[in-house]
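Pasted below: model17.txt, compact mmCIF, C-alpha atoms and all ligand atoms.
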# COMPACT_ATOMS: atom_id res chain seq x y z
CA MET A 1 71.44 212.10 46.49
CA THR A 2 68.72 211.52 49.05
CA THR A 3 67.23 214.10 51.34
CA THR A 4 67.10 213.06 54.98
CA PRO A 5 63.50 213.10 56.23
CA ASP A 6 62.38 215.15 59.21
CA LEU A 7 60.50 212.63 61.36
CA ASN A 8 59.45 215.00 64.14
CA GLY A 9 55.90 214.19 65.23
CA LYS A 10 56.06 210.72 63.59
CA THR A 11 55.66 207.42 65.40
CA ALA A 12 57.68 204.43 64.21
CA ILE A 13 57.58 200.79 65.30
CA ILE A 14 60.70 198.75 64.60
CA THR A 15 60.53 194.99 65.12
CA GLY A 16 63.73 193.07 65.78
CA ALA A 17 65.10 196.23 67.43
CA SER A 18 67.26 194.47 70.03
CA ARG A 19 70.37 194.28 67.81
CA GLY A 20 71.71 194.50 64.26
CA ILE A 21 69.73 196.33 61.60
CA GLY A 22 66.74 196.96 63.88
CA GLU A 23 68.78 198.52 66.68
CA GLU A 24 70.65 200.79 64.26
CA THR A 25 67.39 201.82 62.59
CA ALA A 26 65.78 202.61 65.95
CA ARG A 27 68.67 204.86 66.90
CA TYR A 28 68.78 206.57 63.49
CA LEU A 29 65.05 207.24 63.11
CA ALA A 30 65.03 208.57 66.69
CA SER A 31 67.84 210.97 65.73
CA LEU A 32 65.59 212.21 62.89
CA GLY A 33 62.88 213.04 65.44
CA ALA A 34 60.55 210.02 65.43
CA HIS A 35 59.06 208.51 68.58
CA ILE A 36 60.38 204.95 68.37
CA ILE A 37 58.67 201.87 69.72
CA LEU A 38 61.25 199.10 69.92
CA ALA A 39 59.90 195.55 69.65
CA ALA A 40 61.77 192.26 70.16
CA ARG A 41 61.74 189.38 72.61
CA SER A 42 64.82 190.57 74.55
CA LYS A 43 63.12 192.90 77.02
CA ASP A 44 66.27 194.00 78.84
CA ARG A 45 68.08 194.83 75.62
CA ILE A 46 65.30 196.94 74.04
CA THR A 47 64.72 198.68 77.37
CA ALA A 48 68.42 199.59 77.56
CA ILE A 49 68.40 200.91 73.96
CA ALA A 50 65.22 202.93 74.61
CA ASP A 51 66.84 204.39 77.75
CA GLU A 52 69.93 205.40 75.75
CA ILE A 53 67.78 207.06 73.08
CA LYS A 54 65.89 209.00 75.77
CA ALA A 55 69.15 209.98 77.49
CA GLY A 56 70.25 211.46 74.16
CA GLY A 57 67.08 213.59 73.95
CA GLY A 58 65.02 211.25 71.75
CA ALA A 59 61.67 209.60 72.35
CA ALA A 60 61.51 205.82 72.67
CA THR A 61 59.46 203.07 74.27
CA ALA A 62 60.36 199.40 74.64
CA HIS A 63 57.52 196.98 73.94
CA PRO A 64 58.59 193.34 74.37
CA THR A 65 56.98 191.40 71.53
CA ASP A 66 57.21 188.01 69.87
CA VAL A 67 56.16 188.77 66.30
CA SER A 68 55.05 185.17 65.72
CA ASP A 69 52.18 185.84 68.17
CA ASN A 70 49.25 187.59 66.48
CA GLY A 71 47.85 188.93 69.75
CA ALA A 72 51.23 190.34 70.73
CA VAL A 73 51.60 192.17 67.40
CA LYS A 74 48.07 193.53 67.67
CA GLY A 75 48.95 194.81 71.14
CA LEU A 76 52.18 196.34 69.82
CA ILE A 77 50.37 198.34 67.13
CA GLN A 78 47.69 199.43 69.62
CA SER A 79 50.37 200.56 72.07
CA ALA A 80 51.72 203.00 69.48
CA VAL A 81 48.26 204.45 68.94
CA ASP A 82 47.61 204.63 72.69
CA ALA A 83 50.95 206.34 73.37
CA THR A 84 51.08 208.83 70.50
CA GLY A 85 47.69 208.79 68.78
CA ARG A 86 49.11 207.48 65.50
CA LEU A 87 51.42 205.11 63.65
CA ASP A 88 53.39 206.54 60.73
CA ILE A 89 56.09 203.92 60.11
CA LEU A 90 56.27 200.18 60.70
CA VAL A 91 59.53 198.40 59.95
CA ASN A 92 58.85 194.67 59.78
CA ASN A 93 62.49 193.75 60.42
CA ALA A 94 62.43 190.81 62.88
CA GLY A 95 63.74 187.72 61.14
CA LEU A 96 65.56 184.43 61.64
CA ILE A 97 67.84 182.22 59.52
CA ASP A 98 69.07 179.71 62.11
CA PRO A 99 69.08 176.71 61.91
CA ILE A 100 70.61 176.52 58.43
CA ALA A 101 70.25 173.00 57.02
CA ARG A 102 69.70 171.21 53.74
CA ILE A 103 66.10 170.08 53.31
CA MET A 104 66.96 166.41 53.85
CA ASP A 105 68.66 167.26 57.16
CA SER A 106 66.21 169.92 58.33
CA ASP A 107 64.03 169.75 61.43
CA PRO A 108 60.35 170.34 60.49
CA ASP A 109 59.60 172.10 63.78
CA ALA A 110 62.52 174.50 63.37
CA TRP A 111 61.54 175.10 59.72
CA SER A 112 58.00 175.93 60.81
CA LYS A 113 59.29 178.37 63.41
CA ILE A 114 61.01 180.38 60.65
CA VAL A 115 57.69 180.57 58.81
CA ASP A 116 56.03 181.81 62.01
CA VAL A 117 58.51 184.65 62.43
CA ASN A 118 59.57 185.57 58.88
CA ILE A 119 56.18 185.26 57.15
CA LYS A 120 53.44 185.33 59.75
CA GLY A 121 55.24 188.02 61.76
CA VAL A 122 55.22 190.30 58.70
CA TYR A 123 51.59 189.44 57.88
CA PHE A 124 50.49 190.21 61.47
CA GLY A 125 52.25 193.57 61.26
CA LEU A 126 50.54 194.41 57.97
CA ARG A 127 47.19 193.14 59.24
CA HIS A 128 47.12 195.42 62.26
CA ALA A 129 49.06 198.46 61.01
CA MET A 130 47.31 198.92 57.65
CA PRO A 131 43.89 199.84 59.09
CA VAL A 132 45.47 202.35 61.48
CA MET A 133 47.45 204.02 58.69
CA ALA A 134 44.55 203.94 56.24
CA GLY A 135 42.32 205.61 58.81
CA GLN A 136 44.57 208.53 59.76
CA ASP A 137 45.54 211.81 58.06
CA GLY A 138 48.87 211.42 56.26
CA GLY A 139 48.65 207.64 55.88
CA GLY A 140 51.83 205.75 56.67
CA THR A 141 54.71 203.62 55.44
CA ILE A 142 55.38 199.93 56.05
CA ILE A 143 58.85 198.62 55.21
CA ASN A 144 59.23 194.86 55.02
CA ILE A 145 62.82 193.69 55.31
CA SER A 146 63.34 191.26 52.47
CA SER A 147 66.51 189.71 51.08
CA GLY A 148 68.23 188.78 47.86
CA ALA A 149 67.13 185.28 48.95
CA ALA A 150 63.59 186.23 47.89
CA ASN A 151 64.76 185.87 44.29
CA SER A 152 67.45 183.22 44.55
CA PHE A 153 68.01 179.58 45.49
CA LEU A 154 70.68 178.99 48.12
CA GLU A 155 71.62 175.57 49.40
CA GLY A 156 70.66 175.12 53.05
CA TRP A 157 68.37 178.11 52.99
CA SER A 158 65.04 176.57 51.93
CA HIS A 159 63.28 178.12 54.93
CA TYR A 160 64.86 181.52 54.36
CA CYS A 161 64.48 181.70 50.53
CA ALA A 162 60.87 180.53 50.77
CA SER A 163 59.96 182.90 53.60
CA LYS A 164 61.60 185.97 52.04
CA ALA A 165 59.94 185.21 48.68
CA ALA A 166 56.64 185.16 50.59
CA VAL A 167 57.47 188.52 52.19
CA LEU A 168 58.09 190.03 48.74
CA ARG A 169 54.66 188.81 47.63
CA LEU A 170 53.06 190.20 50.80
CA THR A 171 54.65 193.56 49.98
CA GLY A 172 53.17 193.51 46.48
CA VAL A 173 49.69 192.51 47.56
CA ALA A 174 49.57 194.95 50.48
CA HIS A 175 50.64 197.79 48.14
CA LYS A 176 47.93 196.87 45.67
CA GLU A 177 45.25 196.75 48.36
CA ALA A 178 46.10 199.89 50.31
CA HIS A 179 48.08 202.36 48.23
CA ASP A 180 44.93 204.28 47.32
CA LYS A 181 44.19 204.55 51.04
CA GLY A 182 47.48 206.32 51.75
CA VAL A 183 49.42 203.27 52.92
CA ARG A 184 52.87 202.98 51.33
CA VAL A 185 54.27 199.43 51.45
CA VAL A 186 57.79 198.70 50.25
CA GLY A 187 60.40 195.98 50.70
CA LEU A 188 64.10 196.37 51.36
CA SER A 189 66.77 193.93 50.28
CA PRO A 190 69.83 195.09 52.20
CA GLY A 191 72.58 192.91 50.74
CA THR A 192 74.89 191.28 53.28
CA VAL A 193 75.16 193.18 56.55
CA ALA A 194 77.63 192.71 59.41
CA THR A 195 75.25 191.45 62.11
CA GLU A 196 74.72 188.37 64.27
CA MET A 197 72.77 186.80 61.40
CA GLN A 198 75.91 186.85 59.22
CA GLU A 199 77.84 185.24 62.09
CA GLN A 200 75.29 182.41 62.06
CA ILE A 201 75.58 182.11 58.27
CA ARG A 202 79.38 181.99 58.49
CA ALA A 203 79.27 179.33 61.22
CA SER A 204 77.06 177.11 59.02
CA GLY A 205 79.76 176.79 56.34
CA ILE A 206 76.98 176.03 53.83
CA ASN A 207 76.75 177.85 50.44
CA PRO A 208 78.88 180.74 49.12
CA VAL A 209 77.35 183.41 51.39
CA SER A 210 79.04 181.74 54.38
CA GLN A 211 82.41 182.31 52.67
CA ILE A 212 82.08 186.07 52.08
CA PRO A 213 84.95 187.95 53.77
CA TRP A 214 83.59 189.85 56.79
CA GLU A 215 84.90 193.17 55.48
CA ASN A 216 82.72 192.81 52.38
CA HIS A 217 79.52 193.06 54.46
CA ILE A 218 78.01 196.51 54.73
CA THR A 219 77.46 198.10 58.14
CA PRO A 220 73.89 198.41 59.49
CA ASP A 221 73.96 202.22 59.39
CA TRP A 222 73.56 202.07 55.59
CA VAL A 223 70.43 199.97 56.00
CA ALA A 224 69.06 202.47 58.54
CA LYS A 225 69.66 205.27 56.00
CA ALA A 226 67.86 203.25 53.33
CA ILE A 227 64.89 202.75 55.65
CA ALA A 228 64.72 206.50 56.33
CA PHE A 229 64.83 207.13 52.57
CA LEU A 230 62.01 204.65 51.95
CA THR A 231 59.71 206.72 54.20
CA THR A 232 59.96 209.58 51.66
CA TYR A 233 58.04 210.15 48.44
CA GLY A 234 61.38 210.02 46.60
CA ALA A 235 61.17 206.24 47.03
CA ASP A 236 57.67 205.87 45.57
CA LYS A 237 58.91 204.12 42.42
CA TRP A 238 59.80 201.09 44.56
CA LEU A 239 56.41 200.75 46.28
CA GLY A 240 55.07 197.21 46.10
CA THR A 241 58.48 195.75 45.40
CA ASP A 242 61.98 195.44 46.89
CA PHE A 243 64.41 198.35 46.97
CA SER A 244 67.91 196.84 46.86
CA LEU A 245 71.28 197.99 48.19
CA LYS A 246 72.97 195.41 45.98
CA ILE A 247 72.42 197.48 42.84
CA ASP A 248 73.83 200.86 41.83
CA GLU A 249 70.43 202.56 41.64
CA GLY A 250 69.64 201.69 45.25
CA ARG A 251 73.06 202.68 46.52
CA GLU A 252 72.98 205.96 44.61
CA ALA A 253 69.58 206.77 46.07
CA ILE A 254 71.06 206.89 49.58
CA GLY A 255 74.51 208.26 48.70
CA MET A 256 76.29 204.97 49.32
CA PRO A 257 79.51 204.07 47.47
CA LEU A 258 78.82 201.81 44.49
CA GLU A 259 79.86 198.13 44.55
CA ARG A 260 82.98 197.43 42.50
O1 LIG A 301 69.66 189.99 62.26
P1 LIG A 301 69.99 189.80 63.80
P2 LIG A 301 69.78 191.25 61.27
N1 LIG A 301 59.89 188.30 67.68
O2 LIG A 301 70.05 188.35 63.99
C1 LIG A 301 64.60 189.71 66.33
C2 LIG A 301 67.20 190.66 57.18
N2 LIG A 301 68.41 190.53 56.37
O3 LIG A 301 69.75 192.52 61.96
O4 LIG A 301 63.71 188.67 69.76
C3 LIG A 301 60.48 189.50 67.71
O5 LIG A 301 71.14 190.64 64.21
C4 LIG A 301 65.80 189.58 67.26
O6 LIG A 301 65.45 189.99 68.58
P3 LIG A 301 65.16 189.01 69.84
C5 LIG A 301 66.92 189.51 58.11
O7 LIG A 301 66.30 188.43 57.47
C6 LIG A 301 69.64 190.51 56.96
O8 LIG A 301 70.86 190.95 60.33
O9 LIG A 301 65.50 189.89 71.00
N3 LIG A 301 61.73 189.74 67.30
C7 LIG A 301 66.76 190.59 66.66
O10 LIG A 301 66.50 191.88 67.15
C8 LIG A 301 65.98 190.17 59.09
O11 LIG A 301 64.66 190.19 58.61
C9 LIG A 301 70.76 190.37 56.16
O12 LIG A 301 66.06 187.82 69.68
C10 LIG A 301 62.44 188.68 66.86
C11 LIG A 301 66.43 190.55 65.19
O13 LIG A 301 65.16 189.87 65.03
C12 LIG A 301 66.51 191.60 59.17
O14 LIG A 301 67.31 191.79 58.02
C13 LIG A 301 70.65 190.26 54.79
C14 LIG A 301 61.90 187.39 66.80
C15 LIG A 301 67.46 189.77 64.38
O15 LIG A 301 68.69 190.41 64.51
C16 LIG A 301 67.33 191.89 60.41
O16 LIG A 301 68.43 191.01 60.44
C17 LIG A 301 69.39 190.29 54.21
C18 LIG A 301 60.57 187.22 67.23
N4 LIG A 301 59.96 186.02 67.23
C19 LIG A 301 68.27 190.42 55.01
N5 LIG A 301 62.85 186.55 66.30
C20 LIG A 301 72.15 190.34 56.74
N6 LIG A 301 72.33 190.57 58.07
O17 LIG A 301 73.12 190.12 55.98
C21 LIG A 301 63.93 187.30 66.07
O18 LIG A 301 69.29 190.20 52.87
N7 LIG A 301 63.70 188.57 66.40

Structure re-expressed in structure tokens:
Amino acid sequence: MTTTPDLNGKTAIITGASRGIGEETARYLASLGAHIILAARSKDRITAIADEIKAGGGAATAHPTDVSDNGAVKGLIQSAVDATGRLDILVNNAGLIDPIARIMDSDPDAWSKIVDVNIKGVYFGLRHAMPVMAGQDGGGTIINISSGAANSFLEGWSHYCASKAAVLRLTGVAHKEAHDKGVRVVGLSPGTVATEMQEQIRASGINPVSQIPWENHITPDWVAKAIAFLTTYGADKWLGTDFSLKIDEGREAIGMPLER
């Protein structure tokens, strides 16, 4: 059973924090004491969530960011350092799956946009956070949200499978390059989670994932717990690779019921 980390005095950036997994993670890490910087394109939404966290006694800042913009991500990382003097946790969570289409039907511009967000967005986060973490006492942890799609082939998901496979490789390379400098880099494959992304998958009607009964999806609070766990040394055996909530070992690590 996992121990819940004390994140008092820590600064955490969460991308894609306007809803779903990112929103839940922002709220949970704030409840553990971290100063949260919420990043997404929906300014009003992240501002409202930050205000709610502050009203509950937590520390939070909204920083509107499009992760496909290198300059914007650089500014996001710098804002954490300017506000709190450090950056302990980066959760590269922002991601897209829409539009879902078979390769022969796909729109090249829309496909490229997924690459910009799902791959380049994660790379920009690593690029700008790693030097900060490597240069500070205590290092830091970067969690890249991956997917079972990184290791599978799903019809209609060429953009998503390819981009999440790339994220898994980024996790491995970043770990290799910076672990000895105190930077912990780990991926998280959450399984299927009841969020807007699953609504988009369901609406597509393509491939078996779109047919999964809604009640079989896990709730985002389990993913938030997994992210908190991955900030601890108890998760070091997964550094450089994906921790998965689809397998018993991952579920056991965070005290989640096993899949039957
Ligand atoms: O998705 P959703 P989830 N710049 O659609 C943001 C992975 N995953 O929470 O910009 C900045 O509810 C968007 O904000 P906004 C998945 O691949 C999921 O389910 O305001 N942010 C929103 O906050 C993804 O990496 C499942 O529109 C951008 C967020 O991303 C992560 O989990 C399974 C942005 C998306 O919220 C979170 O997904 C799995 C940009 N350019 C992996 N574009 C699952 N749900 O079943 C989008 O294996 N966002």

Worksheet item: Smallest atom-to-atom distance to ligand LIG 301 (chain A): which of A:Asn144, A:Thr192, A:Thr11, A:Thr84, using all atoms listed in the file?
Response: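 For ligand LIG 301 (chain A), the nearest of the candidates is A:Thr192.
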
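Proximity to Pro131 in chain A was assessed for A:Ile143, A:Ala30, A:Val81, A:Ile53 counting all atoms listed in the file; the smallest distance is recorded for A:Val81.
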
Discussion item. Taking only C-alpha atoms and all ligand atoms and a cut-off of 7 Å, can you tell me which residues surround ligand LIG 301 (chain A), written as a PyMOL selection string?
Written reply: chain A and resi 15-22+39-42+65-68+93-97+117-118+145-149+189-198

Discussion item. So the first atom is CA of His128 in chain A and the second is CA of Lys176 in chain A; what is the distance between them in Å, to one decimal place?
Written reply: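 Here the two named atoms are 16.7 Å from each other.
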
Worksheet item: Of the candidates A:Leu168, A:Gly75, A:Glu215, A:Lys113, which one gets nearest to Asn92 in chain A if we count all atoms listed in the file?
Response: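 Closest to Asn92 in chain A, using all atoms listed in the file: A:Leu168.
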
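The smallest atom-to-atom distance between Asn207 in chain A and any of A:Met256, A:Ala101, A:Ile119, A:Trp238, using only C-alpha atoms, is found for A:Ala101.
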
Practice prompt. Kindly provide, as a list in words, the polymer residues lying within 12 Å of (52.1, 204.6, 72.7), counting only C-alpha atoms and using the coordinates exactly as they appear in the file.
Written response: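 All residues meeting the 12 Å criterion around (52.1, 204.6, 72.7) are Lys10, Thr11, Ala12, Ile13, His35, Ile36, Ile37, Leu38, Ala59, Ala60, Thr61, Ala62, His63, Gly75, Leu76, Ile77, Gln78, Ser79, Ala80, Val81, Asp82, Ala83, Thr84, Gly85, Arg86 and Leu87 of chain A.
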
Discussion item. Rounded to one decimal, what separation in Å do you get between CA of Asn70 in chain A and CA of Phe124 in chain A?
Written reply: 5.8 Å

Fill in: Shortest interatomic distance to Ala134 in chain A - which of A:Ala178, A:Leu32, A:Val167, A:Cys161, counting only C-alpha atoms
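The answer is A:Ala178, which sits nearest to Ala134 in chain A.
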
Worksheet, complete the sentence: From the list A:Pro213, A:Gly156, A:Gly121, A:Pro64, the nearest residue to Ser106 in chain A using all atoms listed in the file is A:Gly156

Worksheet item: Quick one: residues within 10 Å of Val183 in chain A, all atoms listed in the file counted, chain neighbours fewer than 3 positions away excluded, as a ChimeraX atom specification?
Response: /A:88-89,129-136,138-142,174-180,186,239

For Asp109 in chain A, work out the shell of residues within 12 Å, counting all atoms listed in the file and skipping chain neighbours fewer than 4 positions away, then give it as a CSV table (one decimal) with C-alpha atoms, keeping the file's coordinate frame.
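out.csv, freshly written:
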chain,number,residue,atom,x,y,z
A,99,PRO,CA,69.1,176.7,61.9
A,113,LYS,CA,59.3,178.4,63.4
A,114,ILE,CA,61.0,180.4,60.6
A,115,VAL,CA,57.7,180.6,58.8
A,116,ASP,CA,56.0,181.8,62.0
A,159,HIS,CA,63.3,178.1,54.9

Worksheet item: If we count all atoms listed in the file, what is near Ala226 in chain A at a cut-off of 9 Å, once residues fewer than 6 positions away on the same chain are taken out, given as a ChimeraX atom specification?
Response: /A:188,190,243,245,250-251,253-254

List the spatial neighbours of Ser31 in chain A as a compact mmCIF listing (two decimals) with C-alpha atoms, in the frame of the given file - criterion: any atom at most 12 Å away, only C-alpha atoms, same-chain residues fewer than 5 positions off excluded.
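The new file selection-v9.txt reads:
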# COMPACT_ATOMS: atom_id res chain seq x y z
CA THR A 4 67.10 213.06 54.98
CA PRO A 5 63.50 213.10 56.23
CA ASP A 6 62.38 215.15 59.21
CA LEU A 7 60.50 212.63 61.36
CA ASN A 8 59.45 215.00 64.14
CA LYS A 10 56.06 210.72 63.59
CA GLU A 24 70.65 200.79 64.26
CA THR A 25 67.39 201.82 62.59
CA ALA A 26 65.78 202.61 65.95
CA ILE A 36 60.38 204.95 68.37
CA GLU A 52 69.93 205.40 75.75
CA ILE A 53 67.78 207.06 73.08
CA LYS A 54 65.89 209.00 75.77
CA ALA A 55 69.15 209.98 77.49
CA GLY A 56 70.25 211.46 74.16
CA GLY A 57 67.08 213.59 73.95
CA GLY A 58 65.02 211.25 71.75
CA ALA A 59 61.67 209.60 72.35
CA ALA A 60 61.51 205.82 72.67
CA ALA A 224 69.06 202.47 58.54
CA LYS A 225 69.66 205.27 56.00
CA ALA A 228 64.72 206.50 56.33

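As for CA of Tyr28 in chain A and CA of Arg127 in chain A, they are spaced 25.8 Å apart.
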
Could you please fill out range 22-32 of chain A with all heavy atoms and send it back as a PDB file, in the frame of the given file?
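So selection_23.pdb came out as:
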ATOM      1  N   GLY A  22      67.846 196.338  63.162  1.00  0.00           N
ATOM      2  CA  GLY A  22      66.740 196.960  63.880  1.00  0.00           C
ATOM      3  C   GLY A  22      67.205 197.958  64.917  1.00  0.00           C
ATOM      4  O   GLY A  22      66.642 199.059  65.041  1.00  0.00           O
ATOM      5  N   GLU A  23      68.241 197.596  65.666  1.00  0.00           N
ATOM      6  CA  GLU A  23      68.780 198.520  66.680  1.00  0.00           C
ATOM      7  C   GLU A  23      69.286 199.798  66.013  1.00  0.00           C
ATOM      8  O   GLU A  23      68.989 200.912  66.444  1.00  0.00           O
ATOM      9  CB  GLU A  23      69.915 197.856  67.473  1.00  0.00           C
ATOM     10  CG  GLU A  23      70.582 198.831  68.425  1.00  0.00           C
ATOM     11  CD  GLU A  23      71.741 198.234  69.217  1.00  0.00           C
ATOM     12  OE1 GLU A  23      72.013 197.031  69.082  1.00  0.00           O
ATOM     13  OE2 GLU A  23      72.368 199.010  69.975  1.00  0.00           O
ATOM     14  N   GLU A  24      70.073 199.633  64.952  1.00  0.00           N
ATOM     15  CA  GLU A  24      70.650 200.790  64.260  1.00  0.00           C
ATOM     16  C   GLU A  24      69.534 201.684  63.700  1.00  0.00           C
ATOM     17  O   GLU A  24      69.614 202.912  63.763  1.00  0.00           O
ATOM     18  CB  GLU A  24      71.548 200.283  63.124  1.00  0.00           C
ATOM     19  CG  GLU A  24      72.436 201.314  62.517  1.00  0.00           C
ATOM     20  CD  GLU A  24      73.563 201.760  63.444  1.00  0.00           C
ATOM     21  OE1 GLU A  24      73.989 200.977  64.304  1.00  0.00           O
ATOM     22  OE2 GLU A  24      73.993 202.918  63.295  1.00  0.00           O
ATOM     23  N   THR A  25      68.507 201.056  63.169  1.00  0.00           N
ATOM     24  CA  THR A  25      67.390 201.820  62.590  1.00  0.00           C
ATOM     25  C   THR A  25      66.646 202.577  63.690  1.00  0.00           C
ATOM     26  O   THR A  25      66.245 203.740  63.494  1.00  0.00           O
ATOM     27  CB  THR A  25      66.442 200.866  61.840  1.00  0.00           C
ATOM     28  OG1 THR A  25      67.197 200.191  60.823  1.00  0.00           O
ATOM     29  CG2 THR A  25      65.283 201.609  61.207  1.00  0.00           C
ATOM     30  N   ALA A  26      66.455 201.933  64.835  1.00  0.00           N
ATOM     31  CA  ALA A  26      65.780 202.610  65.950  1.00  0.00           C
ATOM     32  C   ALA A  26      66.541 203.864  66.346  1.00  0.00           C
ATOM     33  O   ALA A  26      65.962 204.952  66.507  1.00  0.00           O
ATOM     34  CB  ALA A  26      65.654 201.658  67.131  1.00  0.00           C
ATOM     35  N   ARG A  27      67.848 203.706  66.486  1.00  0.00           N
ATOM     36  CA  ARG A  27      68.670 204.860  66.900  1.00  0.00           C
ATOM     37  C   ARG A  27      68.645 205.971  65.841  1.00  0.00           C
ATOM     38  O   ARG A  27      68.565 207.154  66.154  1.00  0.00           O
ATOM     39  CB  ARG A  27      70.113 204.411  67.154  1.00  0.00           C
ATOM     40  CG  ARG A  27      70.276 203.483  68.353  1.00  0.00           C
ATOM     41  CD  ARG A  27      71.756 203.162  68.562  1.00  0.00           C
ATOM     42  NE  ARG A  27      71.965 202.112  69.538  1.00  0.00           N
ATOM     43  CZ  ARG A  27      71.961 202.298  70.867  1.00  0.00           C
ATOM     44  NH1 ARG A  27      71.734 203.488  71.360  1.00  0.00           N
ATOM     45  NH2 ARG A  27      72.176 201.284  71.692  1.00  0.00           N
ATOM     46  N   TYR A  28      68.709 205.564  64.559  1.00  0.00           N
ATOM     47  CA  TYR A  28      68.780 206.570  63.490  1.00  0.00           C
ATOM     48  C   TYR A  28      67.447 207.302  63.318  1.00  0.00           C
ATOM     49  O   TYR A  28      67.416 208.539  63.243  1.00  0.00           O
ATOM     50  CB  TYR A  28      69.199 205.900  62.175  1.00  0.00           C
ATOM     51  CG  TYR A  28      69.425 206.889  61.063  1.00  0.00           C
ATOM     52  CD1 TYR A  28      70.344 207.933  61.203  1.00  0.00           C
ATOM     53  CD2 TYR A  28      68.709 206.805  59.867  1.00  0.00           C
ATOM     54  CE1 TYR A  28      70.536 208.859  60.183  1.00  0.00           C
ATOM     55  CE2 TYR A  28      68.907 207.723  58.844  1.00  0.00           C
ATOM     56  CZ  TYR A  28      69.823 208.749  59.010  1.00  0.00           C
ATOM     57  OH  TYR A  28      70.016 209.669  58.016  1.00  0.00           O
ATOM     58  N   LEU A  29      66.352 206.565  63.279  1.00  0.00           N
ATOM     59  CA  LEU A  29      65.050 207.240  63.110  1.00  0.00           C
ATOM     60  C   LEU A  29      64.740 208.123  64.316  1.00  0.00           C
ATOM     61  O   LEU A  29      64.120 209.174  64.172  1.00  0.00           O
ATOM     62  CB  LEU A  29      63.933 206.227  62.872  1.00  0.00           C
ATOM     63  CG  LEU A  29      64.026 205.342  61.606  1.00  0.00           C
ATOM     64  CD1 LEU A  29      62.691 204.633  61.351  1.00  0.00           C
ATOM     65  CD2 LEU A  29      64.455 206.102  60.361  1.00  0.00           C
ATOM     66  N   ALA A  30      65.202 207.710  65.508  1.00  0.00           N
ATOM     67  CA  ALA A  30      65.030 208.570  66.690  1.00  0.00           C
ATOM     68  C   ALA A  30      65.818 209.864  66.512  1.00  0.00           C
ATOM     69  O   ALA A  30      65.333 210.951  66.858  1.00  0.00           O
ATOM     70  CB  ALA A  30      65.490 207.835  67.949  1.00  0.00           C
ATOM     71  N   SER A  31      67.017 209.768  65.930  1.00  0.00           N
ATOM     72  CA  SER A  31      67.840 210.970  65.730  1.00  0.00           C
ATOM     73  C   SER A  31      67.197 211.916  64.714  1.00  0.00           C
ATOM     74  O   SER A  31      67.497 213.107  64.695  1.00  0.00           O
ATOM     75  CB  SER A  31      69.255 210.591  65.272  1.00  0.00           C
ATOM     76  OG  SER A  31      69.276 210.246  63.886  1.00  0.00           O
ATOM     77  N   LEU A  32      66.299 211.372  63.876  1.00  0.00           N
ATOM     78  CA  LEU A  32      65.590 212.210  62.890  1.00  0.00           C
ATOM     79  C   LEU A  32      64.282 212.758  63.478  1.00  0.00           C
ATOM     80  O   LEU A  32      63.510 213.408  62.783  1.00  0.00           O
ATOM     81  CB  LEU A  32      65.294 211.402  61.623  1.00  0.00           C
ATOM     82  CG  LEU A  32      66.518 210.856  60.869  1.00  0.00           C
ATOM     83  CD1 LEU A  32      66.093 210.075  59.630  1.00  0.00           C
ATOM     84  CD2 LEU A  32      67.475 211.979  60.475  1.00  0.00           C
TER      85      LEU A  32
END
